[in-house]
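J.: Sharing data39.txt (compact mmCIF, C-alpha atoms) below.
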# COMPACT_ATOMS: atom_id res chain seq x y z
CA MET A 7 151.88 -44.24 73.58
CA ARG A 8 154.50 -46.80 74.47
CA HIS A 9 153.92 -48.66 71.17
CA LEU A 10 154.14 -45.39 69.29
CA HIS A 11 157.49 -44.70 70.95
CA THR A 12 158.72 -48.20 70.18
CA TRP A 13 157.82 -48.10 66.48
CA GLY A 14 159.04 -44.53 66.24
CA ALA A 15 162.42 -45.72 67.54
CA VAL A 16 162.39 -48.61 65.03
CA ALA A 17 161.63 -46.21 62.15
CA ILE A 18 164.40 -43.81 63.15
CA ILE A 19 166.92 -46.65 63.64
CA VAL A 20 166.09 -48.21 60.24
CA PHE A 21 166.27 -44.89 58.39
CA ALA A 22 169.45 -43.70 60.10
CA SER A 23 171.35 -46.97 59.83
CA THR A 24 170.40 -47.44 56.17
CA ALA A 25 171.57 -43.90 55.40
CA GLY A 26 174.73 -44.57 57.41
CA ASP A 27 175.55 -47.85 55.66
CA ILE A 28 175.00 -46.36 52.21
CA LEU A 29 177.14 -43.30 53.00
CA LEU A 30 179.95 -45.38 54.55
CA SER A 31 179.96 -47.81 51.63
CA HIS A 32 180.03 -44.89 49.20
CA ALA A 33 182.94 -43.32 51.10
CA MET A 34 185.00 -46.53 51.09
CA LYS A 35 184.43 -47.07 47.37
CA GLN A 36 185.86 -43.57 46.82
CA VAL A 37 188.86 -44.32 49.06
CA GLY A 38 189.54 -47.67 47.39
CA ASP A 39 191.15 -50.86 48.75
CA LEU A 40 192.19 -49.94 52.30
CA GLY A 41 194.79 -52.72 52.55
CA GLN A 42 196.62 -51.48 49.45
CA LEU A 43 196.37 -47.89 50.67
CA VAL A 44 197.93 -48.79 54.04
CA ARG A 45 200.78 -50.65 52.32
CA ARG A 46 201.37 -47.78 49.89
CA SER A 47 201.18 -44.75 52.16
CA GLY A 48 201.13 -45.99 55.77
CA PHE A 49 198.41 -46.50 58.35
CA LEU A 50 197.98 -42.91 59.58
CA SER A 51 197.76 -41.38 56.14
CA ALA A 52 195.20 -44.04 55.15
CA VAL A 53 193.11 -43.16 58.24
CA GLY A 54 193.45 -39.48 57.34
CA ARG A 55 192.29 -40.20 53.80
CA VAL A 56 189.16 -41.94 55.16
CA LEU A 57 188.43 -39.17 57.69
CA ARG A 58 188.69 -36.50 54.98
CA THR A 59 186.00 -38.19 52.87
CA PRO A 60 182.78 -36.16 53.37
CA SER A 61 180.39 -39.10 52.99
CA PHE A 62 182.35 -40.94 55.72
CA MET A 63 181.67 -38.17 58.26
CA LEU A 64 178.00 -37.97 57.18
CA GLY A 65 177.76 -41.76 57.49
CA ILE A 66 179.24 -41.70 61.01
CA ALA A 67 176.76 -38.95 61.97
CA ALA A 68 173.87 -41.09 60.70
CA MET A 69 175.27 -44.11 62.59
CA ALA A 70 175.46 -42.01 65.77
CA VAL A 71 171.78 -41.12 65.39
CA ALA A 72 170.99 -44.83 64.91
CA PHE A 73 173.18 -45.77 67.92
CA TYR A 74 171.54 -43.34 70.33
CA SER A 75 168.02 -44.17 69.09
CA LEU A 76 168.88 -47.81 69.80
CA LEU A 77 170.11 -46.93 73.32
CA PHE A 78 166.85 -45.03 73.95
CA GLY A 79 164.85 -47.94 72.59
CA LEU A 80 166.76 -50.55 74.61
CA SER A 81 166.34 -48.61 77.84
CA TRP A 82 162.54 -48.65 77.40
CA GLY A 83 162.63 -52.40 77.51
CA ASP A 84 160.93 -53.77 74.40
CA VAL A 85 164.26 -55.23 73.26
CA SER A 86 162.60 -58.30 71.79
CA LEU A 87 160.71 -56.09 69.37
CA ILE A 88 163.06 -53.18 68.64
CA VAL A 89 166.26 -55.14 67.90
CA PRO A 90 164.91 -57.83 65.55
CA ALA A 91 162.46 -55.46 63.85
CA SER A 92 165.06 -52.78 63.14
CA THR A 93 167.92 -55.11 62.18
CA SER A 94 165.87 -57.31 59.87
CA LEU A 95 164.15 -54.34 58.22
CA THR A 96 167.55 -52.71 57.71
CA PHE A 97 168.78 -55.72 55.67
CA VAL A 98 165.90 -55.21 53.24
CA THR A 99 166.05 -51.39 53.10
CA ASN A 100 169.82 -51.61 52.58
CA ALA A 101 169.41 -53.93 49.59
CA VAL A 102 166.90 -51.53 48.02
CA ALA A 103 168.99 -48.44 48.82
CA ALA A 104 172.27 -50.04 47.61
CA LYS A 105 170.60 -50.84 44.30
CA ILE A 106 169.22 -47.30 43.89
CA PHE A 107 172.00 -45.13 45.32
CA LEU A 108 175.16 -47.24 44.93
CA ARG A 109 174.11 -48.95 41.67
CA GLU A 110 175.11 -52.33 43.10
CA ARG A 111 174.03 -55.32 41.09
CA VAL A 112 171.63 -56.90 43.57
CA ASP A 113 170.99 -60.22 41.82
CA GLN A 114 168.61 -62.98 42.91
CA ARG A 115 171.30 -64.51 45.09
CA ARG A 116 171.74 -61.29 47.08
CA TRP A 117 167.98 -60.65 47.44
CA LEU A 118 167.55 -64.16 48.71
CA ALA A 119 170.47 -63.77 51.12
CA ALA A 120 169.09 -60.47 52.48
CA LEU A 121 165.60 -61.96 52.95
CA LEU A 122 166.92 -65.17 54.54
CA VAL A 123 169.07 -63.23 56.98
CA ALA A 124 166.19 -60.83 57.77
CA GLY A 125 163.91 -63.81 58.48
CA GLY A 126 166.63 -65.54 60.50
CA VAL A 127 167.16 -62.47 62.68
CA VAL A 128 163.43 -62.33 63.49
CA LEU A 129 163.40 -66.04 64.41
CA LEU A 130 166.52 -65.69 66.57
CA ALA A 131 164.83 -63.04 68.67
CA ALA A 132 161.43 -64.73 68.78
CA MET B 7 188.61 -63.54 47.78
CA THR B 8 191.81 -64.18 49.72
CA PHE B 9 192.14 -65.71 53.18
CA ARG B 10 192.98 -62.27 54.58
CA LYS B 11 189.66 -60.91 53.27
CA TYR B 12 187.70 -63.72 54.92
CA LEU B 13 189.59 -62.89 58.11
CA VAL B 14 188.40 -59.25 57.90
CA LEU B 15 184.78 -60.40 57.37
CA GLY B 16 185.17 -62.70 60.39
CA GLY B 17 186.52 -59.75 62.40
CA VAL B 18 183.40 -57.73 61.53
CA ALA B 19 181.18 -60.53 62.88
CA VAL B 20 183.19 -61.23 66.07
CA PHE B 21 183.63 -57.57 67.09
CA ALA B 22 179.96 -56.82 66.39
CA ALA B 23 178.71 -59.77 68.46
CA ALA B 24 181.07 -59.14 71.41
CA GLY B 25 180.45 -55.37 71.33
CA ASP B 26 176.67 -55.73 71.24
CA SER B 27 176.71 -58.26 74.11
CA LEU B 28 178.66 -55.84 76.31
CA LEU B 29 176.41 -52.90 75.36
CA SER B 30 173.32 -54.92 76.18
CA ALA B 31 174.75 -56.05 79.53
CA GLY B 32 175.74 -52.48 80.37
CA MET B 33 172.33 -51.03 79.48
CA LYS B 34 170.63 -53.66 81.64
CA GLN B 35 172.75 -52.46 84.58
CA ILE B 36 171.72 -48.87 83.94
CA GLY B 37 168.03 -49.60 83.49
CA SER B 38 165.36 -47.43 81.95
CA VAL B 39 166.43 -44.05 80.59
CA SER B 40 163.78 -41.36 80.22
CA LEU B 41 163.48 -39.07 77.18
CA ASN B 42 163.32 -36.18 79.65
CA HIS B 43 166.91 -36.77 80.72
CA VAL B 44 168.92 -36.54 77.52
CA SER B 45 172.12 -35.97 79.49
CA ALA B 46 171.63 -39.36 81.18
CA ILE B 47 171.83 -41.22 77.87
CA ILE B 48 175.01 -39.39 76.88
CA LEU B 49 176.51 -40.33 80.26
CA THR B 50 175.74 -44.03 79.67
CA VAL B 51 179.20 -44.35 78.08
CA LEU B 52 180.66 -43.91 81.59
CA ASN B 53 179.44 -47.40 82.48
CA PRO B 54 182.46 -49.77 82.12
CA MET B 55 180.52 -52.42 80.18
CA VAL B 56 179.10 -49.83 77.78
CA ALA B 57 182.57 -48.29 77.41
CA ALA B 58 184.17 -51.69 76.63
CA GLY B 59 181.36 -52.37 74.18
CA VAL B 60 182.04 -49.06 72.43
CA VAL B 61 185.78 -49.93 72.15
CA LEU B 62 184.94 -53.31 70.55
CA LEU B 63 182.50 -51.59 68.22
CA LEU B 64 185.38 -49.33 67.12
CA GLY B 65 187.26 -52.50 66.14
CA PHE B 66 184.12 -53.55 64.31
CA LEU B 67 184.07 -50.21 62.48
CA ALA B 68 187.71 -50.62 61.36
CA CYS B 69 187.04 -54.13 59.95
CA TYR B 70 183.73 -53.01 58.44
CA MET B 71 185.34 -50.03 56.65
CA THR B 72 188.10 -52.30 55.33
CA ALA B 73 185.55 -54.79 54.00
CA LEU B 74 183.49 -52.04 52.36
CA SER B 75 186.63 -50.75 50.63
CA TRP B 76 186.77 -53.90 48.46
CA ALA B 77 183.26 -55.38 48.58
CA ASP B 78 179.65 -54.31 47.93
CA LEU B 79 177.38 -53.38 50.84
CA THR B 80 174.89 -56.05 49.74
CA TYR B 81 177.72 -58.60 50.00
CA VAL B 82 179.25 -57.46 53.29
CA LEU B 83 175.97 -57.22 55.25
CA PRO B 84 174.70 -60.79 54.70
CA ALA B 85 178.23 -62.24 54.80
CA THR B 86 178.86 -60.75 58.25
CA SER B 87 175.45 -61.73 59.64
CA VAL B 88 177.33 -64.69 61.18
CA SER B 89 177.48 -62.27 64.13
CA TYR B 90 173.82 -63.04 64.95
CA ILE B 91 174.65 -66.73 65.16
CA LEU B 92 177.59 -65.84 67.44
CA LEU B 93 175.23 -63.76 69.62
CA ALA B 94 172.89 -66.75 70.00
CA LEU B 95 175.85 -68.99 70.92
CA ILE B 96 177.13 -66.40 73.44
CA ALA B 97 173.65 -66.39 75.00
CA LYS B 98 173.74 -70.20 75.22
CA PHE B 99 177.24 -70.72 76.57
CA PHE B 100 177.88 -67.58 78.63
CA LEU B 101 174.37 -66.55 79.71
CA HIS B 102 173.10 -70.17 79.83
CA GLU B 103 169.98 -69.38 77.83
CA SER B 104 168.45 -72.30 75.99
CA ILE B 105 168.25 -72.25 72.20
CA SER B 106 164.66 -72.90 71.17
CA MET B 107 163.50 -74.58 67.95
CA ASN B 108 162.75 -71.12 66.52
CA ARG B 109 166.30 -69.97 67.22
CA TRP B 110 167.85 -73.04 65.57
CA LEU B 111 165.66 -72.33 62.54
CA GLY B 112 166.83 -68.71 62.57
CA ILE B 113 170.47 -69.86 62.72
CA LEU B 114 169.79 -72.19 59.79
CA LEU B 115 168.20 -69.40 57.68
CA ILE B 116 171.10 -67.03 58.35
CA SER B 117 173.66 -69.74 57.55
CA VAL B 118 171.95 -70.48 54.23
CA GLY B 119 171.84 -66.74 53.48
CA VAL B 120 175.55 -66.38 54.24
CA GLY B 121 176.28 -69.41 52.06
CA PHE B 122 174.26 -67.92 49.19
CA VAL B 123 175.89 -64.52 49.16
CA THR B 124 179.48 -65.68 49.63
CA GLN B 125 179.23 -67.91 46.56
CA GLY B 126 178.73 -64.87 44.34
CA PRO B 127 181.14 -62.08 43.35
CA GLU B 128 181.92 -59.61 46.15
CA LEU B 129 182.05 -56.48 44.00
CA THR B 130 179.92 -54.97 41.22
CA HIS B 131 182.33 -54.07 38.44
CA LYS B 132 181.31 -50.74 36.99
CA LYS B 133 183.17 -51.08 33.71
CA GLN B 134 180.43 -49.86 31.37
CA ALA B 135 181.04 -46.31 30.13
CA GLY B 136 177.38 -45.45 30.66
CA GLU B 137 177.59 -46.02 34.41
CA ALA B 138 177.28 -42.96 36.63
CA LYS B 139 180.57 -41.74 38.08
CA ASP B 140 181.03 -41.09 41.79
CA GLY B 141 180.19 -37.38 41.51
CA GLY B 142 176.70 -38.18 40.25
CA LEU B 143 176.19 -40.55 43.16
CA VAL B 144 177.06 -37.88 45.71
CA VAL B 145 174.27 -35.67 44.36
CA ARG B 146 171.80 -38.54 44.46
CA LEU B 147 172.90 -39.49 47.97
CA SER B 148 172.66 -36.03 49.47
CA SER B 149 169.28 -35.40 47.90
CA GLY B 150 168.10 -38.73 49.31
CA VAL B 151 169.31 -38.11 52.84
CA GLU B 152 168.49 -34.45 53.34
CA PRO B 153 164.82 -33.75 52.60
As a first step, turn the structure in this file into structure tokens.

T.:
Amino acid sequence: MRHLHTWGAVAIIVFASTAGDILLSHAMKQVGDLGQLVRRSGFLSAVGRVLRTPSFMLGIAAMAVAFYSLLFGLSWGDVSLIVPASTSLTFVTNAVAAKIFLRERVDQRRWLAALLVAGGVVLLAA
Amino acid sequence: MTFRKYLVLGGVAVFAAAGDSLLSAGMKQIGSVSLNHVSAIILTVLNPMVAAGVVLLLGFLACYMTALSWADLTYVLPATSVSYILLALIAKFFLHESISMNRWLGILLISVGVGFVTQGPELTHKKQAGEAKDGGLVVRLSSGVEP
């Protein structure tokens, strides 16, 4: 039962944080270069522009789900499994999802980087 | 890539590492939270360490949003994974944990990954006329997220 809970938490964290990252990235591509926007129309109006982007709010909601699933997971204690498993899996799912949903050109260099970082995260926590 | 942009990527990594450390320390103070007490997990933000961690993670969010406004997700994520190396170093120097052979290897893998991705272009240029416009992506996204 405990293992089921742990892997359930990992699955929810991976799904929610991938959805969140994709939505946030999509939102910021719609908003455009934030530095230029701040210089052109001021800080507050730039923040307002970001907050009014629907995929930003959806992304934050998904991140909140991921955040609270992580808190639940951490409080159960299997930190050494939940954190590396969910973070390293998220690097891979994000690369796949960014290619499909954001049409990013994920070339060999980026696949390799995502896999190396995913492997590195697992080793760091081992 | 300008110096200012590297600074923003660095900010993502530093805020993430510091914020996560504080969250972790705070949750260890609180201890196990049961699924039966959902209110308890919402109240965790009243712990000072957790609260400070949340504030730092807001700084992380600001830097992260800025980075995503001019770079691809598949560039930003590996490039800012320096934060995991920072977390290991925080554990060594502040929590006096030892860094095992495995951890050094992990640090090496992440460093190589960061080196790989930062040598490439940071943004996919969608200049072809055949590329889907943003509106089409919204439809794909919402159908992917909401079953």

J.: Pull out every residue of chain B that has at least one atom within 6 Å of chain A, counting all atoms listed in the file, and report them as a VMD selection string.

T.: chain B and resid 37 to 39 72 74 to 76 80 108 to 109 112 115 to 116 119 122 to 123 130

J.: Can you work out the spacing between CA of Pro84 (chain B) and CA of Gly54 (chain A) in Å, to one decimal?

T.: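 If I compute the distance from CA of Pro84 (chain B) to CA of Gly54 (chain A), I get 28.5 Å.
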
J.: When you count only C-alpha atoms, which of these residues is closest to Ser92 (chain A): A:Ala15, A:Leu10, A:Met63, A:Val71?

T.: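 Ranked by minimum distance to Ser92 (chain A), first place goes to A:Ala15.
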
J.: Please provide the set of residues having any atom within 7 Å of region 7-23 of chain B, restricted to all atoms listed in the file, with same-chain residues fewer than 3 positions apart removed, written as a PyMOL selection string.

T.: chain B and resi 26-27+62-63+65-66+69-70+73+86-90+92-93

J.: Return the single residue from B:Leu67, B:Ile48, B:Leu28, B:Ala77 that is closest to Met69 (chain A), with distances computed using all atoms listed in the file.

T.: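 That would be B:Leu67, the residue with the smallest distance to Met69 (chain A).
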
J.: Do you have the CA of Leu114 (chain B)-CA of Met71 (chain B) distance handy?

T.: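 Taking CA of Leu114 (chain B) as the start and CA of Met71 (chain B) as the end point, the length is 27.3 Å.
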
J.: Figure out the distance between CA of Gly65 (chain A) and CA of Val82 (chain B), please, to one decimal in Å.

T.: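 We find that CA of Val82 (chain B) and CA of Gly65 (chain A) lie 16.3 Å from each other.
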
J.: Could you tell me which of A:Leu87, A:Val44, A:Ala72, A:Ala67 comes closest to His9 (chain A) if we count all atoms listed in the file?

T.: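 The shortest atom-to-atom distance to His9 (chain A) comes from A:Leu87.
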
J.: Counting all atoms listed in the file, which of B:Leu83, B:Met107, B:Ile96, B:Ala31 gets nearest to Asn53 (chain B)?

T.: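 Between B:Leu83, B:Met107, B:Ile96, B:Ala31, the residue approaching Asn53 (chain B) most closely is B:Ala31.
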